[in-house]
Amino acid sequence: MAESRGDRFIMSSIYILLGVISLIVLYPVYFVMVASLSNPEDVMLGKVWLWPTDFSFVGYQRIFENNELMKGYLNTILYTFFGTVLNVVMTIAAAYPLSRHDFKGRNVFTLMIVFTMFFSGGMIPTYLLIKDLGILDTFWAMILPTAVSVWNILIMRTFFQNSIPKELQEAAFLDGCSNMKLLMRIILPLSGPVLAVMVLFYAVGHWNSYFNALIYLSDRDKYPLQLFLREILIQDQMQNMVDLGSDTFSRSLMEVEAIKYAAVIVTNLPMLLLYPFLQKYFIKGVMIGAIKG
Amino acid sequence: MAGEKITMKKERFKQRQKNNLQLWTKNWELYLLFLPVMAYFIIFHYIPMYGVQIAFKDFIANKGILGSPWVGFEHFERFFDSFYFWRIISNTLGIGIYELIVGFPIPIVLALMIHELRTGKFRRFVQTVTYMPHFLSTIVMVGIIMMFLSPTSGLVNVVITLFGGEPISFMTEPGWFKSIYVWSGVWQTMGWSSIIYIAALAGIDPQLHEAARVDGASRLRRMWHINIPGIAPTIIVLLILNIGSILGVGFEKVFLMQNNLNMESSDVISTNVYRSGILGAQYSYSAAVGLFNSIVNFIILILVNRIARKVSSSSLW
């Protein structure tokens with residue numbers, strides 16, 4: 001059927017609008033990337049728009065020279081790895097029983113878990129608890145308080161209920177399979193997509209989080225990358241990175257800007273590299289969650 | 001007769017108990033599996049809820065939460081009477097409402113437009129690009145905002161001066177705070193928030209569109225009369241959740257964007273709790289402020305849900 005003129009007009013408006021929106025979203029990130037590779041002076045003067053001018057890696061150099069920052073990077077990798085492992089194990093341990101209709105008390109347990117989404121004791125009682133548990137300023141404070149997310153439990157439970165045929169479970173039971181064996185041998189191998197989604201959601205969460213570190217950590221040796229990034233990007237604390245002695249003041253000011261651009265790129269590098277490949281999984285995750293909003 | 005019935009009932013009851021017992025013993029592994037989860041929720045969520053009683057006490061560190069003396073509503077009264085009360089309430093509400101009005105409809109419009117593209121490279125490009133900022137951390141997000149808005153080297157001010165304007169120091173000007181907060185939030189989350197609507201749109205029966213097209217309905221009319229009603233239940237559920245969190249303006253981003261100069265429009269409940277509680281160690285007082293916030297949020301959520309259930313068929317529960 002031929003499109004009417006009105007329809008064609010609407011379609012072209014949609015194309016133009018979406019194109020403009022995409023540019024607005026893409027450009028700032030692109031600009032940071034280009035600016036991080038350019039001569040800081042040109043960036044300051046507004047000469048850098050589309051392509052790096054006069055390639056310079058001074059920002060990256062300063063970052064990789066900084067031991068504290070590299071330690072932060074390592075800490076973040078550790079928190080992300082162990083935090084995600086704990087998250088995924090806990091999510092399975094919660095979602096699998098809740099997905100079973102013969103699990104007595106599942107309604108009460110579900111209610112108990114979901115209630116924490118809408119009401120919480122708040123920042124201060126939680127802080128005092130962490131203090132009383134004696135895990136303030138330790139590795140544990142970074143992974144235990146966020147050991148599992150209610151939302152992800154619900155996503156996973158929905159997946160177990162809807163995507164794994166009941167007949168399969170019943171047949172396994174008739175063959176004398178135990179609950180644990182069923183989970184390990186049959187259900188988990190069939191749950192690849194949802195497990196990938198979980199790993200990604202949790203890992204991104206750990207990589208990007210700073211709140212727990214801000215509140216619970218005071219030892220700089222344990223700081224994750226994001227807290228150092230906060231000092232660089234937001235508090236302008238870079239005395240130990242920029243050599244104020246040998247350079248002129250305006251030169252070091254420019255270096256400060258270069259470090260900022262490079263820091264953003266270095267922090268997001270794993271994400272930026274993986275994102276195009278992982279994108280379809282993220283979307284799948286939101287879709288599974290959406291089924292049972 | 002009656003006696004027989006009773007014995008039958010008794011037997012059925014016994015049978016059910018036996019079944020229950022069987023379920024318990026058969027599924028013991030499930031309970032074992034669930035045990036750490038329950039322990040987590042009790043320790044990290046329910047104990048703090050119990051600990052919130054310090055809001056009604058005068059917390060003394062060496063006496064602990066239980067041993068500290070009760071003071072009733074003293075901390076709440078102090079909060080309501082304080083100089084900052086109206087400031088933080090109006091800021092929290094102001095940001096929440098601004099965010100709702102701007103941030104809620106935009107992802108819906110975006111989803112409606114993306115849905116019209118059907119499939120193809122352009123559609124995938126738009127989706128890939130608009131979802132991406134969701135994965136930037138709050139710190140990077142605020143860092144980028146500050147780079148672009150910097151009065152000396154920021155791109156925005158470079159452009160302003162290029163056109164002969166005076167550079168604006170956006171971050172220290174209280175009047176700009178809420179707009180920067182809300183619009184950068186739109187920039188970061190509109191794509192991600194649109195996914196759920198795109199999923200809902202994909203579930204609309206294509207026959208409806210076919211029929212409307214035969215009747216000569218234009219694309220715009222079909223969007224208006226088929227697509228929007230089709231995703232109305234999703235819109236309502238998300239609207240409830242959004243209104244329910246109107247006073248729950250997140251700590252992370254406001255805290256990072258805050259500075260002494262924009263405080264009069266950036267101080268919200270959660271940053272206030274952080275300052276007086278974690279930094280100032282006034283545990284009881286800030287727990288009271290936090291509890292006030294949680295309770296108001298919870299009440300709003302229940303009220304909105306009740307209204308939604310009355311006026312439409314969709315609600316959270």
# chains A, B, ... in the order shown; residues from 1 in each chain; ligands from 1
>>> interface_residues(of="chain A", to="chain B", cutoff="7 Å", atoms="only C-alpha atoms", output="number ranges by chain")
A: 7, 14, 18, 22, 25-26, 44, 46, 90, 93-94, 97, 116, 118-122, 124-126, 129, 145, 179-180, 208, 211, 226, 230, 233-234, 264, 286-287, 290
>>> select_by_dssp(residues="range 87-297 of chain B", states="alpha helix (DSSP H)", output="VMD selection string")
chain B and resid 87 to 103 105 to 116 121 to 131 138 to 149 155 to 162 174 to 202 206 to 214 219 to 222 228 to 244 251 to 257 263 to 266 269 to 273 283 to 297
>>> write_last_selection(atoms="C-alpha atoms", output="tab-separated table (two decimals), in the first residue's frame")
chain	number	residue	atom	x	y	z
B	87	ARG	CA	14.65	24.16	51.94
B	88	ILE	CA	15.36	20.45	51.69
B	89	ILE	CA	11.71	19.51	51.33
B	90	SER	CA	11.16	21.97	48.50
B	91	ASN	CA	14.40	20.94	46.79
B	92	THR	CA	13.60	17.25	47.09
B	93	LEU	CA	10.06	17.73	45.84
B	94	GLY	CA	11.15	20.24	43.21
B	95	ILE	CA	13.70	17.88	41.68
B	96	GLY	CA	11.32	14.92	41.96
B	97	ILE	CA	8.46	16.68	40.20
B	98	TYR	CA	10.69	18.26	37.55
B	99	GLU	CA	12.18	14.83	36.86
B	100	LEU	CA	8.75	13.23	36.63
B	101	ILE	CA	7.35	15.84	34.24
B	102	VAL	CA	10.37	15.83	31.91
B	103	GLY	CA	11.91	12.42	32.43
B	105	PRO	CA	7.20	11.11	28.97
B	106	ILE	CA	10.42	11.37	26.94
B	107	PRO	CA	11.26	7.62	26.95
B	108	ILE	CA	7.68	6.89	25.89
B	109	VAL	CA	7.95	9.23	22.91
B	110	LEU	CA	11.34	7.79	22.06
B	111	ALA	CA	9.96	4.25	22.17
B	112	LEU	CA	7.01	5.21	19.95
B	113	MET	CA	9.40	6.67	17.39
B	114	ILE	CA	11.85	3.76	17.49
B	115	HIS	CA	8.94	1.36	17.11
B	116	GLU	CA	7.95	3.01	13.84
B	121	LYS	CA	20.48	-0.74	10.60
B	122	PHE	CA	19.29	2.71	11.57
B	123	ARG	CA	17.04	1.32	14.25
B	124	ARG	CA	19.88	-0.74	15.71
B	125	PHE	CA	22.17	2.30	15.58
B	126	VAL	CA	19.69	4.51	17.44
B	127	GLN	CA	19.13	1.85	20.08
B	128	THR	CA	22.82	1.11	20.59
B	129	VAL	CA	23.66	4.78	20.96
B	130	THR	CA	20.81	5.78	23.26
B	131	TYR	CA	21.26	2.81	25.62
B	138	THR	CA	27.47	8.45	38.14
B	139	ILE	CA	30.94	9.81	38.78
B	140	VAL	CA	31.85	9.75	35.10
B	141	MET	CA	28.48	11.28	34.26
B	142	VAL	CA	28.95	14.19	36.65
B	143	GLY	CA	32.57	14.49	35.51
B	144	ILE	CA	31.45	14.88	31.91
B	145	ILE	CA	28.82	17.43	32.93
B	146	MET	CA	31.46	19.47	34.73
B	147	MET	CA	33.89	19.27	31.80
B	148	PHE	CA	31.30	20.49	29.32
B	149	LEU	CA	29.94	23.22	31.57
B	155	LEU	CA	32.63	23.26	25.32
B	156	VAL	CA	29.28	24.88	26.11
B	157	ASN	CA	30.91	28.09	27.27
B	158	VAL	CA	33.35	28.05	24.36
B	159	VAL	CA	30.32	28.07	22.08
B	160	ILE	CA	28.61	30.78	24.12
B	161	THR	CA	31.65	33.05	23.91
B	162	LEU	CA	32.01	32.26	20.22
B	174	PRO	CA	21.88	27.72	42.13
B	175	GLY	CA	19.33	28.57	39.45
B	176	TRP	CA	20.84	26.10	37.02
B	177	PHE	CA	21.16	23.13	39.34
B	178	LYS	CA	17.79	21.45	38.89
B	179	SER	CA	17.77	21.81	35.11
B	180	ILE	CA	21.27	20.39	34.78
B	181	TYR	CA	20.36	17.53	37.10
B	182	VAL	CA	17.15	16.62	35.29
B	183	TRP	CA	18.27	17.08	31.68
B	184	SER	CA	21.53	15.22	32.13
B	185	GLY	CA	19.43	12.45	33.66
B	186	VAL	CA	17.26	12.44	30.55
B	187	TRP	CA	20.40	12.25	28.42
B	188	GLN	CA	21.67	9.29	30.39
B	189	THR	CA	18.54	7.21	30.89
B	190	MET	CA	16.00	7.96	28.15
B	191	GLY	CA	17.22	5.11	25.94
B	192	TRP	CA	17.38	2.53	28.68
B	193	SER	CA	13.97	3.50	30.06
B	194	SER	CA	12.47	3.22	26.59
B	195	ILE	CA	13.31	-0.51	26.30
B	196	ILE	CA	10.39	-1.59	28.45
B	197	TYR	CA	7.97	0.40	26.25
B	198	ILE	CA	9.55	-0.98	23.08
B	199	ALA	CA	8.98	-4.47	24.47
B	200	ALA	CA	5.36	-3.61	25.22
B	201	LEU	CA	4.88	-2.13	21.74
B	202	ALA	CA	6.20	-5.31	20.15
B	206	PRO	CA	-0.42	-6.36	14.18
B	207	GLN	CA	-3.95	-7.11	12.97
B	208	LEU	CA	-5.12	-3.95	14.72
B	209	HIS	CA	-2.77	-1.90	12.57
B	210	GLU	CA	-3.78	-3.81	9.46
B	211	ALA	CA	-7.44	-3.13	10.08
B	212	ALA	CA	-6.85	0.53	10.82
B	213	ARG	CA	-4.79	0.91	7.67
B	214	VAL	CA	-7.54	-0.58	5.56
B	219	ARG	CA	0.39	6.65	10.77
B	220	LEU	CA	-0.03	9.34	13.41
B	221	ARG	CA	-3.60	8.29	14.11
B	222	ARG	CA	-2.54	4.67	14.46
B	228	ILE	CA	-0.54	4.40	23.10
B	229	PRO	CA	-3.62	2.53	24.41
B	230	GLY	CA	-1.68	-0.69	23.82
B	231	ILE	CA	1.08	0.26	26.20
B	232	ALA	CA	-1.14	2.11	28.69
B	233	PRO	CA	-0.89	-0.62	31.37
B	234	THR	CA	2.92	-0.47	31.23
B	235	ILE	CA	2.80	3.32	31.40
B	236	ILE	CA	0.55	3.24	34.45
B	237	VAL	CA	2.68	0.75	36.37
B	238	LEU	CA	5.82	2.77	35.70
B	239	LEU	CA	4.04	6.00	36.55
B	240	ILE	CA	3.08	4.55	39.94
B	241	LEU	CA	6.67	3.53	40.60
B	242	ASN	CA	7.94	6.94	39.50
B	243	ILE	CA	5.50	8.93	41.60
B	244	GLY	CA	6.23	6.62	44.51
B	251	PHE	CA	21.85	10.48	46.79
B	252	GLU	CA	24.64	9.61	44.39
B	253	LYS	CA	24.26	12.20	41.66
B	254	VAL	CA	23.03	15.11	43.77
B	255	PHE	CA	25.88	14.59	46.19
B	256	LEU	CA	28.47	14.75	43.42
B	257	MET	CA	26.96	17.82	41.76
B	263	MET	CA	23.62	24.37	48.16
B	264	GLU	CA	20.44	26.44	48.42
B	265	SER	CA	18.94	24.55	45.48
B	266	SER	CA	20.83	21.26	45.71
B	269	ILE	CA	16.91	14.89	52.21
B	270	SER	CA	19.48	12.19	51.44
B	271	THR	CA	22.48	14.54	51.27
B	272	ASN	CA	21.30	16.14	54.49
B	273	VAL	CA	21.17	12.73	56.18
B	283	TYR	CA	23.05	9.26	64.24
B	284	SER	CA	19.70	9.60	65.93
B	285	TYR	CA	18.77	12.88	64.31
B	286	SER	CA	19.67	11.80	60.79
B	287	ALA	CA	18.03	8.40	61.25
B	288	ALA	CA	14.87	10.34	62.10
B	289	VAL	CA	15.18	12.40	58.92
B	290	GLY	CA	15.75	9.24	56.89
B	291	LEU	CA	12.83	7.46	58.50
B	292	PHE	CA	10.56	10.42	57.80
B	293	ASN	CA	11.59	10.15	54.14
B	294	SER	CA	11.01	6.38	53.93
B	295	ILE	CA	7.58	6.62	55.53
B	296	VAL	CA	6.42	9.47	53.31
B	297	ASN	CA	7.65	7.56	50.24
>>> closest_residue(among="A:Ile113, A:Leu225, A:Val32, A:Val148", to="Asn67 in chain A", atoms="only C-alpha atoms")
A:Leu225
>>> atom_distance(atom1="CA of Asp175 in chain A", atom2="CA of Ile187 in chain A")
15.4 Å
>>> residues_around(residues="Arg100 in chain A", least_positions_apart="5", cutoff="10 Å", atoms="only C-alpha atoms", output="count of residues only")
7
>>> residues_around(residues="Gly83 in chain A", least_positions_apart="3", cutoff="10 Å", atoms="only C-alpha atoms", output="number ranges by chain")
A: 77-80, 86-88, 139-140, 142-144, 146-148, 202-203, 205-207
>>> write_last_selection(atoms="C-alpha atoms", output="tab-separated table (two decimals), in the first residue's frame")
chain	number	residue	atom	x	y	z
A	77	ILE	CA	38.57	-5.59	39.49
A	78	LEU	CA	38.68	-7.59	42.74
A	79	TYR	CA	35.43	-6.14	44.12
A	80	THR	CA	33.74	-6.65	40.76
A	86	LEU	CA	28.54	-13.85	45.30
A	87	ASN	CA	25.66	-12.00	43.60
A	88	VAL	CA	25.02	-14.69	41.02
A	139	PHE	CA	36.75	-5.93	51.74
A	140	TRP	CA	33.50	-7.42	53.09
A	142	MET	CA	32.15	-3.79	49.61
A	143	ILE	CA	30.41	-7.04	48.73
A	144	LEU	CA	28.16	-8.20	51.59
A	146	THR	CA	24.81	-5.68	48.18
A	147	ALA	CA	24.97	-9.48	48.09
A	148	VAL	CA	21.79	-9.82	46.05
A	202	TYR	CA	25.88	-7.14	38.61
A	203	ALA	CA	29.35	-6.58	37.18
A	205	GLY	CA	26.87	-2.31	39.10
A	206	HIS	CA	30.04	-3.14	41.00
A	207	TRP	CA	32.29	-1.46	38.48
>>> atom_distance(atom1="CA of Ile135 in chain A", atom2="CA of Gly72 in chain A")
19.5 Å
>>> atom_distance(atom1="CA of Val199 in chain A", atom2="CA of Leu74 in chain A")
19.0 Å
>>> residues_around(residues="Ile186 in chain A", least_positions_apart="3", cutoff="12 Å", atoms="only C-alpha atoms", output="PyMOL selection string")
chain A and resi 160+164-166+168-173+177-183+189-192
>>> closest_residue(among="A:Leu272, A:Ile130, A:Leu98, A:Ile265", to="Leu37 in chain A", atoms="only C-alpha atoms")
A:Ile265
>>> residues_around(residues="Asp219 in chain A", least_positions_apart="3", cutoff="10 Å", atoms="only C-alpha atoms", output="list of chain:residue names")
A:Asp137, A:Thr138, A:Ala213, A:Tyr216, A:Lys222, A:Tyr223
>>> decode(residues="range 127-243 of chain A", atoms="C-alpha atoms", output="PDB file, in the first residue's frame")
ATOM      1  CA  TYR A 127      25.864   2.136  58.594  1.00  0.00           C
ATOM      2  CA  LEU A 128      25.622   1.319  62.298  1.00  0.00           C
ATOM      3  CA  LEU A 129      24.995  -2.335  61.446  1.00  0.00           C
ATOM      4  CA  ILE A 130      28.118  -2.493  59.275  1.00  0.00           C
ATOM      5  CA  LYS A 131      30.005  -0.889  62.120  1.00  0.00           C
ATOM      6  CA  ASP A 132      28.647  -3.369  64.685  1.00  0.00           C
ATOM      7  CA  LEU A 133      29.461  -6.307  62.429  1.00  0.00           C
ATOM      8  CA  GLY A 134      33.057  -5.096  62.474  1.00  0.00           C
ATOM      9  CA  ILE A 135      33.367  -5.038  58.697  1.00  0.00           C
ATOM     10  CA  LEU A 136      33.730  -1.271  58.387  1.00  0.00           C
ATOM     11  CA  ASP A 137      36.720  -0.457  56.206  1.00  0.00           C
ATOM     12  CA  THR A 138      37.148  -4.043  54.986  1.00  0.00           C
ATOM     13  CA  PHE A 139      36.747  -5.929  51.736  1.00  0.00           C
ATOM     14  CA  TRP A 140      33.500  -7.424  53.094  1.00  0.00           C
ATOM     15  CA  ALA A 141      31.810  -4.044  53.372  1.00  0.00           C
ATOM     16  CA  MET A 142      32.151  -3.795  49.605  1.00  0.00           C
ATOM     17  CA  ILE A 143      30.414  -7.044  48.732  1.00  0.00           C
ATOM     18  CA  LEU A 144      28.156  -8.197  51.587  1.00  0.00           C
ATOM     19  CA  PRO A 145      25.665  -5.303  51.876  1.00  0.00           C
ATOM     20  CA  THR A 146      24.810  -5.676  48.178  1.00  0.00           C
ATOM     21  CA  ALA A 147      24.968  -9.479  48.086  1.00  0.00           C
ATOM     22  CA  VAL A 148      21.786  -9.818  46.046  1.00  0.00           C
ATOM     23  CA  SER A 149      19.265  -7.584  44.310  1.00  0.00           C
ATOM     24  CA  VAL A 150      15.538  -8.132  44.698  1.00  0.00           C
ATOM     25  CA  TRP A 151      14.847  -7.053  41.151  1.00  0.00           C
ATOM     26  CA  ASN A 152      17.260  -9.600  39.722  1.00  0.00           C
ATOM     27  CA  ILE A 153      15.816 -12.367  41.897  1.00  0.00           C
ATOM     28  CA  LEU A 154      12.430 -11.612  40.367  1.00  0.00           C
ATOM     29  CA  ILE A 155      13.859 -11.655  36.826  1.00  0.00           C
ATOM     30  CA  MET A 156      15.561 -14.981  37.427  1.00  0.00           C
ATOM     31  CA  ARG A 157      12.519 -16.535  39.097  1.00  0.00           C
ATOM     32  CA  THR A 158      10.350 -15.492  36.172  1.00  0.00           C
ATOM     33  CA  PHE A 159      12.853 -17.094  33.807  1.00  0.00           C
ATOM     34  CA  PHE A 160      12.934 -20.382  35.743  1.00  0.00           C
ATOM     35  CA  GLN A 161       9.141 -20.487  35.819  1.00  0.00           C
ATOM     36  CA  ASN A 162       8.449 -19.591  32.211  1.00  0.00           C
ATOM     37  CA  SER A 163      11.364 -20.829  30.178  1.00  0.00           C
ATOM     38  CA  ILE A 164      12.116 -24.235  31.652  1.00  0.00           C
ATOM     39  CA  PRO A 165       9.500 -26.886  30.879  1.00  0.00           C
ATOM     40  CA  LYS A 166       7.859 -28.326  33.982  1.00  0.00           C
ATOM     41  CA  GLU A 167       7.709 -31.768  32.366  1.00  0.00           C
ATOM     42  CA  LEU A 168      11.482 -31.823  32.323  1.00  0.00           C
ATOM     43  CA  GLN A 169      11.647 -31.324  36.086  1.00  0.00           C
ATOM     44  CA  GLU A 170       8.946 -33.902  36.742  1.00  0.00           C
ATOM     45  CA  ALA A 171      10.656 -36.460  34.546  1.00  0.00           C
ATOM     46  CA  ALA A 172      13.919 -35.855  36.373  1.00  0.00           C
ATOM     47  CA  PHE A 173      12.212 -36.446  39.721  1.00  0.00           C
ATOM     48  CA  LEU A 174      10.731 -39.717  38.487  1.00  0.00           C
ATOM     49  CA  ASP A 175      14.243 -40.797  37.618  1.00  0.00           C
ATOM     50  CA  GLY A 176      15.225 -40.179  41.206  1.00  0.00           C
ATOM     51  CA  CYS A 177      17.008 -36.910  40.688  1.00  0.00           C
ATOM     52  CA  SER A 178      17.470 -34.795  43.827  1.00  0.00           C
ATOM     53  CA  ASN A 179      16.678 -31.084  43.967  1.00  0.00           C
ATOM     54  CA  MET A 180      20.311 -30.068  43.941  1.00  0.00           C
ATOM     55  CA  LYS A 181      21.183 -32.364  41.064  1.00  0.00           C
ATOM     56  CA  LEU A 182      18.217 -31.055  39.104  1.00  0.00           C
ATOM     57  CA  LEU A 183      19.431 -27.497  39.581  1.00  0.00           C
ATOM     58  CA  MET A 184      23.052 -28.190  38.703  1.00  0.00           C
ATOM     59  CA  ARG A 185      22.594 -30.689  35.870  1.00  0.00           C
ATOM     60  CA  ILE A 186      19.403 -29.562  34.159  1.00  0.00           C
ATOM     61  CA  ILE A 187      18.225 -26.097  35.110  1.00  0.00           C
ATOM     62  CA  LEU A 188      21.448 -24.110  35.163  1.00  0.00           C
ATOM     63  CA  PRO A 189      22.752 -25.483  31.844  1.00  0.00           C
ATOM     64  CA  LEU A 190      19.463 -24.333  30.296  1.00  0.00           C
ATOM     65  CA  SER A 191      19.741 -20.866  31.818  1.00  0.00           C
ATOM     66  CA  GLY A 192      22.694 -19.517  29.852  1.00  0.00           C
ATOM     67  CA  PRO A 193      21.050 -16.311  28.603  1.00  0.00           C
ATOM     68  CA  VAL A 194      19.631 -15.239  31.947  1.00  0.00           C
ATOM     69  CA  LEU A 195      22.903 -16.037  33.719  1.00  0.00           C
ATOM     70  CA  ALA A 196      24.789 -13.882  31.206  1.00  0.00           C
ATOM     71  CA  VAL A 197      22.365 -11.049  31.888  1.00  0.00           C
ATOM     72  CA  MET A 198      22.818 -11.398  35.627  1.00  0.00           C
ATOM     73  CA  VAL A 199      26.609 -11.421  35.416  1.00  0.00           C
ATOM     74  CA  LEU A 200      26.521  -8.296  33.281  1.00  0.00           C
ATOM     75  CA  PHE A 201      24.034  -6.371  35.410  1.00  0.00           C
ATOM     76  CA  TYR A 202      25.875  -7.138  38.615  1.00  0.00           C
ATOM     77  CA  ALA A 203      29.354  -6.578  37.181  1.00  0.00           C
ATOM     78  CA  VAL A 204      28.425  -3.190  35.753  1.00  0.00           C
ATOM     79  CA  GLY A 205      26.869  -2.305  39.096  1.00  0.00           C
ATOM     80  CA  HIS A 206      30.042  -3.138  41.003  1.00  0.00           C
ATOM     81  CA  TRP A 207      32.292  -1.459  38.480  1.00  0.00           C
ATOM     82  CA  ASN A 208      30.355   1.795  38.652  1.00  0.00           C
ATOM     83  CA  SER A 209      29.367   1.977  42.300  1.00  0.00           C
ATOM     84  CA  TYR A 210      30.950   4.390  44.710  1.00  0.00           C
ATOM     85  CA  PHE A 211      28.360   4.817  47.449  1.00  0.00           C
ATOM     86  CA  ASN A 212      29.377   1.887  49.662  1.00  0.00           C
ATOM     87  CA  ALA A 213      33.044   2.752  49.263  1.00  0.00           C
ATOM     88  CA  LEU A 214      32.380   6.386  50.154  1.00  0.00           C
ATOM     89  CA  ILE A 215      30.545   5.480  53.331  1.00  0.00           C
ATOM     90  CA  TYR A 216      32.301   2.343  54.528  1.00  0.00           C
ATOM     91  CA  LEU A 217      35.938   2.755  53.465  1.00  0.00           C
ATOM     92  CA  SER A 218      38.470   5.161  54.889  1.00  0.00           C
ATOM     93  CA  ASP A 219      41.721   3.421  53.990  1.00  0.00           C
ATOM     94  CA  ARG A 220      42.937   4.752  50.638  1.00  0.00           C
ATOM     95  CA  ASP A 221      44.619   1.425  49.878  1.00  0.00           C
ATOM     96  CA  LYS A 222      41.179  -0.147  49.610  1.00  0.00           C
ATOM     97  CA  TYR A 223      39.571   2.582  47.502  1.00  0.00           C
ATOM     98  CA  PRO A 224      38.003   1.469  44.235  1.00  0.00           C
ATOM     99  CA  LEU A 225      38.758   3.298  41.023  1.00  0.00           C
ATOM    100  CA  GLN A 226      35.561   5.346  41.162  1.00  0.00           C
ATOM    101  CA  LEU A 227      36.610   7.131  44.350  1.00  0.00           C
ATOM    102  CA  PHE A 228      39.916   8.176  42.815  1.00  0.00           C
ATOM    103  CA  LEU A 229      38.016   9.214  39.753  1.00  0.00           C
ATOM    104  CA  ARG A 230      35.871  11.392  41.981  1.00  0.00           C
ATOM    105  CA  GLU A 231      38.963  13.160  43.281  1.00  0.00           C
ATOM    106  CA  ILE A 232      40.179  13.763  39.745  1.00  0.00           C
ATOM    107  CA  LEU A 233      36.962  14.712  37.998  1.00  0.00           C
ATOM    108  CA  ILE A 234      34.943  16.381  40.671  1.00  0.00           C
ATOM    109  CA  GLN A 235      37.198  17.563  43.448  1.00  0.00           C
ATOM    110  CA  ASP A 236      40.124  18.590  41.256  1.00  0.00           C
ATOM    111  CA  GLN A 237      42.615  16.913  43.565  1.00  0.00           C
ATOM    112  CA  MET A 238      45.562  16.009  41.383  1.00  0.00           C
ATOM    113  CA  GLN A 239      48.491  17.573  43.151  1.00  0.00           C
ATOM    114  CA  ASN A 240      50.336  14.315  43.260  1.00  0.00           C
ATOM    115  CA  MET A 241      49.817  13.664  39.571  1.00  0.00           C
ATOM    116  CA  VAL A 242      50.723  16.984  38.034  1.00  0.00           C
ATOM    117  CA  ASP A 243      54.261  18.079  38.552  1.00  0.00           C
TER     118      ASP A 243
END
